[in-house]
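entry_29.cif (mmCIF, C-alpha atoms)
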data_work
loop_
_atom_site.label_atom_id
_atom_site.label_comp_id
_atom_site.auth_asym_id
_atom_site.auth_seq_id
_atom_site.Cartn_x
_atom_site.Cartn_y
_atom_site.Cartn_z
CA MET A 7 0.00 0.00 0.00
CA ALA A 8 2.86 2.28 0.86
CA ASN A 9 4.30 1.81 -2.65
CA VAL A 10 0.97 2.53 -4.27
CA ARG A 11 0.70 5.72 -2.31
CA LYS A 12 4.17 6.75 -3.44
CA VAL A 13 3.34 6.06 -7.10
CA SER A 14 0.26 8.21 -6.85
CA GLU A 15 2.31 10.94 -5.20
CA LEU A 16 4.88 10.69 -7.99
CA LYS A 17 2.10 10.88 -10.58
CA GLN A 18 0.67 13.94 -8.89
CA MET A 19 4.11 15.51 -8.71
CA LEU A 20 4.71 14.85 -12.40
CA GLN A 21 1.33 16.29 -13.32
CA GLN A 22 2.18 19.38 -11.32
CA LYS A 23 5.54 19.69 -13.10
CA VAL A 24 3.90 19.28 -16.51
CA ALA A 25 1.31 21.95 -15.65
CA GLU A 26 4.11 24.25 -14.51
CA LYS A 27 6.02 23.72 -17.76
CA LYS A 28 2.91 24.40 -19.81
CA GLN A 29 2.34 27.60 -17.88
CA ARG A 30 5.95 28.65 -18.46
CA LEU A 31 5.66 27.81 -22.16
CA THR A 32 2.58 30.00 -22.47
CA GLU A 33 4.37 32.85 -20.67
CA ALA A 34 7.41 32.47 -22.96
CA LEU A 35 5.19 32.53 -26.03
CA VAL A 36 3.46 35.66 -24.78
CA ARG A 37 6.89 37.26 -24.39
CA CYS A 38 7.71 36.24 -28.00
CA GLY A 39 4.42 37.73 -29.19
CA LEU A 40 4.99 41.01 -27.39
CA LEU A 41 8.53 41.21 -28.75
CA LEU A 42 7.24 40.64 -32.28
CA GLN A 43 4.58 43.29 -31.81
CA ALA A 44 7.16 45.76 -30.47
CA GLU A 45 9.50 45.14 -33.41
CA SER A 46 6.64 45.36 -35.86
CA GLN A 47 5.58 48.71 -34.40
CA LYS A 48 8.96 50.14 -35.34
CA ILE A 49 8.44 49.55 -39.06
CA VAL A 50 4.66 49.61 -39.60
CA PRO A 51 3.63 52.40 -42.02
CA VAL A 52 2.05 55.35 -40.21
CA ASP A 53 -0.05 58.20 -41.50
CA TYR A 54 -2.56 59.04 -38.78
CA GLY A 55 -1.59 55.97 -36.77
CA PHE A 56 -4.81 53.96 -37.00
CA LEU A 57 -3.02 50.90 -38.36
CA LYS A 58 -0.23 51.15 -35.81
CA ASN A 59 -2.70 51.52 -32.96
CA SER A 60 -4.65 48.46 -34.05
CA ALA A 61 -1.84 46.04 -33.15
CA PHE A 62 -2.60 43.22 -30.75
CA THR A 63 -1.01 40.19 -29.13
CA ARG A 64 -3.58 37.65 -28.06
CA LYS A 65 -3.42 34.33 -26.29
CA GLU A 66 -5.30 31.60 -28.12
CA GLY A 67 -5.36 27.84 -28.13
CA SER A 68 -5.67 25.61 -25.09
CA THR A 69 -3.46 24.89 -22.10
CA ASP A 70 -2.17 21.80 -23.88
CA LEU A 71 -1.58 23.59 -27.15
CA PRO A 72 -0.99 27.28 -26.44
CA ALA A 73 -0.89 29.72 -29.32
CA ILE A 74 -0.15 33.42 -29.48
CA VAL A 75 -1.56 35.53 -32.28
CA VAL A 76 0.06 38.82 -33.19
CA GLY A 77 -1.67 41.03 -35.69
CA TYR A 78 -3.43 44.24 -36.62
CA THR A 79 -7.20 44.60 -36.46
CA SER A 80 -7.60 47.39 -39.01
CA VAL A 81 -9.28 46.05 -42.15
CA TYR A 82 -6.66 47.39 -44.54
CA ALA A 83 -3.72 45.96 -42.56
CA ILE A 84 -3.44 42.90 -44.78
CA TYR A 85 -3.44 45.01 -47.92
CA VAL A 86 -0.67 47.28 -46.61
CA HIS A 87 1.26 44.24 -45.39
CA GLU A 88 1.11 42.42 -48.72
CA ASN A 89 1.40 45.32 -51.16
CA LEU A 90 5.09 45.33 -51.99
CA GLU A 91 4.74 47.96 -54.69
CA ALA A 92 3.48 50.75 -52.44
CA ALA A 93 5.98 53.44 -51.49
CA HIS A 94 6.85 53.60 -47.80
CA GLY A 95 9.44 55.36 -45.65
CA VAL A 96 12.04 57.46 -47.38
CA VAL A 97 10.78 56.43 -50.83
CA PHE A 98 7.31 57.75 -49.96
CA ASN A 99 8.75 61.04 -48.70
CA GLN A 100 10.74 61.47 -51.89
CA LYS A 101 7.89 60.45 -54.17
CA TYR A 102 5.38 62.82 -52.57
CA ALA A 103 7.77 65.57 -51.48
CA ALA A 104 5.76 68.37 -53.09
CA GLU A 105 2.43 67.22 -51.61
CA LEU A 106 3.96 66.73 -48.17
CA ALA A 107 5.49 70.21 -48.27
CA HIS A 108 2.12 71.68 -49.28
CA ALA A 109 0.34 69.82 -46.45
CA ALA A 110 2.95 71.00 -43.94
CA LYS A 111 2.49 74.58 -45.16
CA LEU A 112 -1.29 74.37 -44.70
CA ARG A 113 -0.87 72.96 -41.20
CA LYS A 114 1.49 75.80 -40.34
CA GLN A 115 -1.07 78.32 -41.53
CA ARG A 116 -3.59 76.50 -39.29
CA LYS A 117 -5.87 75.74 -42.20
CA GLY A 118 -6.33 72.19 -41.03
CA GLY A 119 -5.15 68.97 -42.62
CA THR A 120 -5.35 68.23 -46.29
CA LYS A 121 -7.37 65.56 -47.96
CA GLY A 122 -5.65 62.76 -49.79
CA PRO A 123 -2.88 60.35 -49.00
CA PHE A 124 -0.11 62.89 -48.54
CA ARG A 125 -0.64 64.03 -44.99
CA HIS A 126 2.42 63.20 -42.94
CA ASP A 127 6.08 62.36 -43.50
CA ARG A 128 6.84 58.68 -43.11
CA GLY A 129 9.48 57.23 -40.81
CA PRO A 130 12.61 55.97 -42.57
CA ASP A 131 12.12 52.28 -41.71
CA GLN A 132 8.42 51.99 -42.50
CA GLN A 133 7.67 49.21 -44.98
CA ALA A 134 5.32 46.45 -46.13
CA LYS A 135 5.66 42.97 -44.57
CA PHE A 136 5.84 44.71 -41.21
CA LEU A 137 4.98 41.50 -39.32
CA GLU A 138 6.55 38.83 -41.49
CA ARG A 139 9.93 40.50 -41.69
CA PRO A 140 10.57 40.88 -37.94
CA PHE A 141 9.11 37.40 -37.38
CA ARG A 142 11.69 35.86 -39.71
CA ARG A 143 14.51 37.99 -38.33
CA LEU A 144 13.69 37.08 -34.71
CA ARG A 145 13.22 33.33 -35.18
CA GLN A 146 16.35 32.41 -33.24
CA THR A 147 15.47 34.90 -30.50
CA PHE A 148 12.05 33.27 -30.12
CA VAL A 149 13.68 29.87 -29.77
CA ALA A 150 16.00 31.27 -27.11
CA ILE A 151 13.10 32.87 -25.21
CA VAL A 152 11.13 29.62 -25.15
CA LYS A 153 14.21 27.61 -24.19
CA ASP A 154 14.97 30.07 -21.42
CA GLY A 155 11.38 30.04 -20.23
CA LEU A 156 11.30 26.27 -19.93
CA LYS A 157 14.47 26.06 -17.83
CA MET B 13 23.12 32.03 -58.01
CA LYS B 14 22.48 34.07 -61.12
CA HIS B 15 18.70 34.44 -60.79
CA SER B 16 16.45 35.52 -57.94
CA ALA B 17 14.10 33.07 -56.22
CA ALA B 18 11.09 34.82 -57.75
CA ARG B 19 12.56 34.42 -61.23
CA ILE B 20 13.27 30.72 -60.64
CA LEU B 21 9.80 30.07 -59.25
CA GLY B 22 8.34 32.01 -62.19
CA ALA B 23 10.14 29.62 -64.56
CA LEU B 24 8.55 26.69 -62.72
CA LEU B 25 5.07 28.15 -63.18
CA ILE B 26 5.44 28.33 -66.97
CA GLU B 27 7.25 25.04 -67.45
CA GLY B 28 5.62 22.21 -69.40
CA SER B 29 2.36 21.82 -71.27
CA SER B 30 0.24 21.66 -68.10
CA ALA B 31 1.78 24.80 -66.61
CA PRO B 32 -0.72 26.98 -64.72
CA CYS B 33 0.69 30.20 -66.21
CA THR B 34 2.19 31.53 -69.43
CA ARG B 35 5.09 33.70 -70.52
CA PRO B 36 4.17 37.40 -70.87
CA GLU B 37 5.37 37.42 -74.50
CA ASP B 38 2.97 34.59 -75.41
CA ASP B 39 -0.07 36.85 -74.82
CA GLY B 40 -1.87 33.94 -73.18
CA ARG B 41 -3.91 33.83 -69.99
CA TRP B 42 -2.18 34.24 -66.60
CA PRO B 43 1.16 35.71 -67.65
CA VAL B 44 3.86 35.52 -64.96
CA LEU B 45 5.63 38.76 -64.14
CA ILE B 46 8.41 39.52 -61.70
CA ALA B 47 8.31 42.39 -59.19
CA SER B 48 5.96 44.57 -61.20
CA GLN B 49 2.20 44.50 -61.45
CA PRO B 50 0.98 45.91 -64.77
CA HIS B 51 -2.41 47.62 -65.21
CA ASP B 52 -3.31 45.21 -68.01
CA PRO B 53 -4.32 42.44 -68.51
CA ASP B 54 -6.69 41.69 -65.60
CA ASP B 55 -5.49 38.13 -65.12
CA VAL B 56 -1.90 38.18 -64.00
CA VAL B 57 0.45 36.37 -61.63
CA VAL B 58 3.19 38.51 -60.08
CA LEU B 59 6.10 37.19 -58.04
CA TYR B 60 8.14 39.26 -55.60
CA ASP B 61 11.27 38.38 -53.68
CA THR B 62 10.76 38.70 -49.95
CA GLU B 63 12.89 38.15 -46.88
CA GLY B 64 14.21 34.62 -46.51
CA VAL B 65 15.09 32.56 -43.48
CA GLY B 66 18.59 31.54 -42.48
CA VAL B 67 18.64 27.75 -42.09
CA THR B 68 22.19 26.91 -41.18
CA ARG B 69 25.82 27.61 -41.88
CA LEU B 70 28.01 24.98 -43.46
CA LEU B 71 31.08 24.20 -41.37
CA ALA B 72 33.05 23.50 -44.54
CA GLY B 73 33.53 26.88 -46.14
CA GLY B 74 31.20 28.74 -43.81
CA LYS B 75 28.56 29.13 -46.48
CA GLN B 76 25.21 30.41 -45.24
CA ILE B 77 22.22 28.29 -46.25
CA GLU B 78 18.88 29.99 -46.40
CA LYS B 79 15.38 29.52 -47.63
CA LEU B 80 14.42 32.29 -50.00
CA GLY B 81 11.13 34.11 -49.60
CA VAL B 82 8.73 34.67 -52.48
CA GLN B 83 5.32 36.31 -52.52
CA ILE B 84 2.87 35.28 -55.24
CA LEU B 85 0.03 37.65 -56.15
CA VAL B 86 -2.79 36.38 -58.34
CA ARG B 87 -5.17 38.94 -59.84
CA ASP B 88 -8.28 38.60 -61.96
CA ALA B 89 -11.61 40.29 -62.58
CA SER B 90 -13.35 37.17 -61.30
CA TYR B 91 -13.06 36.30 -57.63
CA ASP B 92 -13.47 32.57 -58.28
CA HIS B 93 -11.00 32.41 -61.14
CA ALA B 94 -8.34 34.22 -59.15
CA ASN B 95 -8.91 31.98 -56.13
CA ASP B 96 -8.83 28.83 -58.26
CA LYS B 97 -5.60 29.90 -59.94
CA ALA B 98 -3.98 30.67 -56.59
CA GLN B 99 -5.04 27.23 -55.36
CA GLN B 100 -3.69 25.60 -58.53
CA ILE B 101 -0.34 27.31 -58.04
CA ALA B 102 -0.27 26.34 -54.36
CA ASP B 103 -0.96 22.69 -55.28
CA LEU B 104 1.80 22.69 -57.87
CA LEU B 105 4.30 24.15 -55.41
CA GLU B 106 3.28 21.65 -52.76
CA GLU B 107 4.00 18.77 -55.14
CA THR B 108 7.40 20.17 -56.11
CA ARG B 109 10.19 17.95 -54.78
CA ARG B 110 13.74 17.90 -56.08
CA HIS B 111 12.70 19.43 -59.36
CA THR B 112 15.43 20.58 -61.72
CA LEU B 113 14.78 23.36 -64.22
CA LEU B 114 16.84 25.34 -66.67
CA LEU B 115 16.77 29.10 -66.76
CA ASP B 116 18.95 31.00 -69.26
CA GLY B 117 21.35 28.06 -69.38
CA GLU B 118 21.62 27.87 -65.58
CA SER B 119 20.42 24.73 -63.84
CA TYR B 120 18.52 25.02 -60.56
CA THR B 121 17.18 22.23 -58.38
CA LEU B 122 14.21 23.16 -56.24
CA ASP B 123 14.48 20.97 -53.17
CA CYS B 124 11.10 22.00 -51.82
CA VAL B 125 8.71 24.92 -51.61
CA THR B 126 7.11 25.58 -48.23
CA ARG B 127 3.96 27.63 -47.91
CA THR B 128 4.20 30.10 -45.04
CA SER B 129 0.70 31.52 -45.33
CA PRO B 130 -2.71 30.40 -46.48
CA ILE B 131 -4.16 31.87 -49.64
CA PHE B 132 -5.83 35.09 -48.63
CA GLY B 133 -7.77 37.70 -50.52
CA LEU B 134 -6.51 41.28 -50.47
CA GLY B 135 -9.77 42.72 -51.73
CA GLN B 136 -10.45 44.73 -54.85
CA ASP B 137 -8.26 47.25 -56.60
CA GLU B 138 -9.51 50.49 -58.15
CA ARG B 139 -10.81 48.54 -61.17
CA ARG B 140 -12.67 46.07 -58.94
CA ARG B 141 -10.28 43.24 -59.70
CA GLN B 142 -9.63 40.65 -57.04
CA THR B 143 -6.16 39.90 -55.76
CA PHE B 144 -5.05 36.86 -53.80
CA SER B 145 -1.73 36.43 -52.10
CA LEU B 146 0.30 33.49 -50.94
CA ASN B 147 3.77 33.39 -49.46
CA VAL B 148 6.34 30.64 -49.78
CA LEU B 149 9.89 29.78 -48.84
CA VAL B 150 12.05 28.18 -51.53
CA GLN B 151 14.91 25.83 -50.79
CA LEU B 152 17.38 25.50 -53.66
CA LEU B 153 19.85 22.67 -53.80
CA SER B 154 22.25 24.55 -56.06
CA VAL B 155 22.88 26.96 -53.21
CA MET B 156 24.17 24.07 -51.13
CA ALA B 157 26.57 22.80 -53.82
#
In structure tokens, write the structure found in this file.
Amino acid sequence: MANVRKVSELKQMLQQKVAEKKQRLTEALVRCGLLLQAESQKIVPVDYGFLKNSAFTRKEGSTDLPAIVVGYTSVYAIYVHENLEAAHGVVFNQKYAAELAHAAKLRKQRKGGTKGPFRHDRGPDQQAKFLERPFRRLRQTFVAIVKDGLK
Amino acid sequence: MKHSAARILGALLIEGSSAPCTRPEDDGRWPVLIASQPHDPDDVVVLYDTEGVGVTRLLAGGKQIEKLGVQILVRDASYDHANDKAQQIADLLEETRRHTLLLDGESYTLDCVTRTSPIFGLGQDERRRQTFSLNVLVQLLSVMA
């Protein structure tokens, strides 16, 4: 009987360890997701900031199979992400230099914003594939985070 | 490697009699273009090079092995036709294993093509044409030689 009790204790202990590991895995994945979101925020194209502000990192899946989803909720996010022919960053600023200068002049004269797609200068690193690119670049970092989290 | 991954994959899509696409100069349906989406015709397949993934580094010689990223855009006036063509291309790429093709006298062996995204619709353009996108990673054996 004593042995049986010990086996059940061992089983319980193992179950507890497995649950702990699963919890740590989920936490590590959340850290990966937040890192990806943070890196993506550095290069996502911004005009008024609606797309940038729509970023999210969400926990999905079950305890046994945790999943973290990182994305943008704005409806046009996928179009901006996949359109590799659109001008972003420095290229945008050069392409629409005249319109941007005109918009800046109007703002200075306090005549309000202008209509059209030429409202604000773009940051130098802004680009399409603003989620996929950091995800691929950070692959090894994600592995390290998960490995570290499971220690 | 003389050609880009998009160019090599483009050659695969127009290879053989049952190819899903055609050469632009043939004036057929579904011409394959690289890195530039023309206004006409409506039905077009455009391939872009995207960021790849580093796989490993060979100890002998220190050569970096990577999978090369390619984005495939499929556009047509008909939603169903564009979706079907994207699916047809995805199926062809999925079946591709150790396939050797010639491009401008250069021989390339496609070890495998891995899809990194589902086929998803990007919506309509200003002429109400539908565009679908799929992303893949290409592993070339010639890179490893």
Discussion item. Residues near Leu45 (chain B), anyone? I mean within 8 Å using all atoms listed in the file, not counting same-chain ones fewer than 4 positions away, as a PyMOL selection string.
Written reply: chain B and resi 22+36+49+56-59
Worksheet item: Leaving out Pro51 (chain A) and any residue of its chain fewer than 5 positions from it, which residues lie within 7 Å of it when counting all atoms listed in the file, given as number ranges by chain?
Response: A: 94, 132-133
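Any residue of chain A with an atom within 12 Å of chain B counts; using all atoms listed in the file, that gives Val81, Tyr82, Ala83, Ile84, Tyr85, Val86, His87, Glu88, Asn89, Leu90, Glu91, Ala92, Ala134, Lys135, Phe136, Leu137, Glu138, Arg139, Pro140, Phe141, Arg142, Arg143, Leu144, Arg145 and Gln146 of chain A.
Of the listed residues A:Leu106, A:Val13, A:Leu35, A:Ala93, the one whose atoms come nearest to Thr63 (chain A) is A:Leu35, with distances taken using all atoms listed in the file.
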Discussion item. Once the PyMOL selection byres ((chain B and resi 116) around 12) has been evaluated on this model, what residues remain selected, and can you format them as a ChimeraX atom specification?
Written reply: /B:14-15,19-20,23,113-115,117-120
Atoms to include: C-alpha atoms. Write the selected residues as a PDB file, keeping the file's coordinate frame.
ATOM      1  CA  LYS B  14      22.480  34.070 -61.120  1.00  0.00           C
ATOM      2  CA  HIS B  15      18.700  34.440 -60.790  1.00  0.00           C
ATOM      3  CA  ARG B  19      12.560  34.420 -61.230  1.00  0.00           C
ATOM      4  CA  ILE B  20      13.270  30.720 -60.640  1.00  0.00           C
ATOM      5  CA  ALA B  23      10.140  29.620 -64.560  1.00  0.00           C
ATOM      6  CA  LEU B 113      14.780  23.360 -64.220  1.00  0.00           C
ATOM      7  CA  LEU B 114      16.840  25.340 -66.670  1.00  0.00           C
ATOM      8  CA  LEU B 115      16.770  29.100 -66.760  1.00  0.00           C
ATOM      9  CA  GLY B 117      21.350  28.060 -69.380  1.00  0.00           C
ATOM     10  CA  GLU B 118      21.620  27.870 -65.580  1.00  0.00           C
ATOM     11  CA  SER B 119      20.420  24.730 -63.840  1.00  0.00           C
ATOM     12  CA  TYR B 120      18.520  25.020 -60.560  1.00  0.00           C
TER      13      TYR B 120
END
Practice prompt. Would you kindly translate the PyMOL selection byres ((chain B and resi 125) around 6) into the concrete residues it picks from this file, as a ChimeraX atom specification?
Written response: /B:105,124,126,149-150
Near Lys65 (chain A), within 12 Å and counting only C-alpha atoms, which residues show up once chain neighbours fewer than 3 positions away are dropped, as a PDB file with C-alpha atoms, keeping the file's coordinate frame?
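The resulting file, selection_38.pdb, is reproduced below:
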ATOM      1  CA  LEU A  31       5.660  27.810 -22.160  1.00  0.00           C
ATOM      2  CA  THR A  32       2.580  30.000 -22.470  1.00  0.00           C
ATOM      3  CA  GLU A  33       4.370  32.850 -20.670  1.00  0.00           C
ATOM      4  CA  ALA A  34       7.410  32.470 -22.960  1.00  0.00           C
ATOM      5  CA  LEU A  35       5.190  32.530 -26.030  1.00  0.00           C
ATOM      6  CA  VAL A  36       3.460  35.660 -24.780  1.00  0.00           C
ATOM      7  CA  ARG A  37       6.890  37.260 -24.390  1.00  0.00           C
ATOM      8  CA  CYS A  38       7.710  36.240 -28.000  1.00  0.00           C
ATOM      9  CA  GLY A  39       4.420  37.730 -29.190  1.00  0.00           C
ATOM     10  CA  LEU A  40       4.990  41.010 -27.390  1.00  0.00           C
ATOM     11  CA  PHE A  62      -2.600  43.220 -30.750  1.00  0.00           C
ATOM     12  CA  SER A  68      -5.670  25.610 -25.090  1.00  0.00           C
ATOM     13  CA  THR A  69      -3.460  24.890 -22.100  1.00  0.00           C
ATOM     14  CA  LEU A  71      -1.580  23.590 -27.150  1.00  0.00           C
ATOM     15  CA  PRO A  72      -0.990  27.280 -26.440  1.00  0.00           C
ATOM     16  CA  ALA A  73      -0.890  29.720 -29.320  1.00  0.00           C
ATOM     17  CA  ILE A  74      -0.150  33.420 -29.480  1.00  0.00           C
ATOM     18  CA  VAL A  75      -1.560  35.530 -32.280  1.00  0.00           C
ATOM     19  CA  VAL A  76       0.060  38.820 -33.190  1.00  0.00           C
ATOM     20  CA  GLY A  77      -1.670  41.030 -35.690  1.00  0.00           C
TER      21      GLY A  77
END
Discussion item. Just want the 8 Å neighbourhood of Gln76 (chain B), counted on all atoms listed in the file, with same-chain residues fewer than 4 positions away dropped. Output as a list in words.
Written reply: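 Counting all atoms listed in the file, the residues come to Gly66, Val67, Thr68, Arg69 and Leu70 of chain B.
We find CA of Lys58 (chain A) and CA of Glu45 (chain A) to be spaced 11.7 Å apart.
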Worksheet item: Separation of CA of His51 (chain B) and CA of Asp39 (chain B), in Å?
Response: 14.6 Å
Practice prompt. For Gly129 (chain A), please output as a ChimeraX atom specification all residues within 8 Å (counting only C-alpha atoms; exclusion window: fewer than 6 positions along the same chain).
Written response: /A:49,51-52,95-96
